[in-house]
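Student: First the structure, then my questions, so here it is.
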Amino acid sequence: HGALGAQVPGLERYVQSQVAGPLPPATDAPPFDGYSSGWYADDGAYVRSLASPEWAAVGADSDNVFDSPFFWGMSAFVDEHVLVAPGADAVKIAAVVRFRPGGGERWVGDAESALGGVPGLAGCVLNVAGDAIGVEGRDPALPLRFGGIAEYWFDDHTALVNALASRGWRAAQDASAAAVDGDASWWALTEERVVRDVIDARPAAARG
């Protein structure tokens, strides 16, 4: 499926994040199996890609891989906030989060203010969901069942375990508690696979 997605015209970056296990020290399986992220230059590039035969091939294969009805309300355009640029080969955890009323507007600022106390943090990206994605692209009328995706990276598994047990991590989560409904959020240890990356292959001066 990834190989098909990598052929979609206009798709500049395509990353799969597959669940590898529960967030330590939990033992229960997370309630999701993973998520995919795609980057386009603009809305027009995305809409044009939907009309391509390559996109049709991705859609035809989706039922072979996914529980397709689950995607309704779980796919969205996002505003990506890179608070700490992740390093290569780092261990990644992610959370599909749900906001309290009005929480989306304060989530990023509350989290950023507390990140400095998290030991061993090698990256942090917070993705705030905007309009839902429907059959024909952006669909503001389609209700979303999530508010955003939090992504954190650590140098290795030991650094991850130590960080999750630290006061700094607990303080960072407490700082987000007014914005994020922790009981309705899904956490997991993930394995990230970069399927396509045109953006990082460009010279730095050519990037937006």
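Just remember, in the structure tokens the first chain shown is A, the second B, etc., residues are 1-based per chain, and ligands are 1-based in the order shown.
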Please list as a list in words every residue within 10 Å of Val97 of chain A, counting only C-alpha atoms and excluding residues in the same chain fewer than 4 positions away.
Tutor: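 Skipping anything fewer than 4 positions along the chain leaves Asn127, Val128, Ala129, Arg145, Phe146, Gly147, Gly148, Ile149, Ala150, Ala179, Val180, Asp181, Gly182, Asp183, Ala184, Ser185, Trp186 and Trp187 of chain A.
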Student: As a PyMOL selection string, which residues of segment 89-208 of chain A does DSSP assign to strand (DSSP E)?
Tutor: chain A and resi 91-97+121-134+137-139+148-154+186-197
Student: Looking only at the backbone, which of the residues in segment 6-199 of chain A does DSSP tag as alpha helix (DSSP H), as a PyMOL selection string?
Tutor: chain A and resi 43-50+53-65+107-112+157-164+167-176
Student: Rank A:Asn162, A:Ser52, A:Ser62, A:Ser113 by their smallest atom-to-atom distance to Gln7 of chain A, using only C-alpha atoms, and report the top residue only.
Tutor: A:Ser52
Student: Which one is closest to Arg106 of chain A: A:Leu126, A:Ala41, A:Ala20, A:Val195? Count only C-alpha atoms.
Tutor: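 Ranking A:Leu126, A:Ala41, A:Ala20, A:Val195 by distance to Arg106 of chain A, first place goes to A:Leu126.
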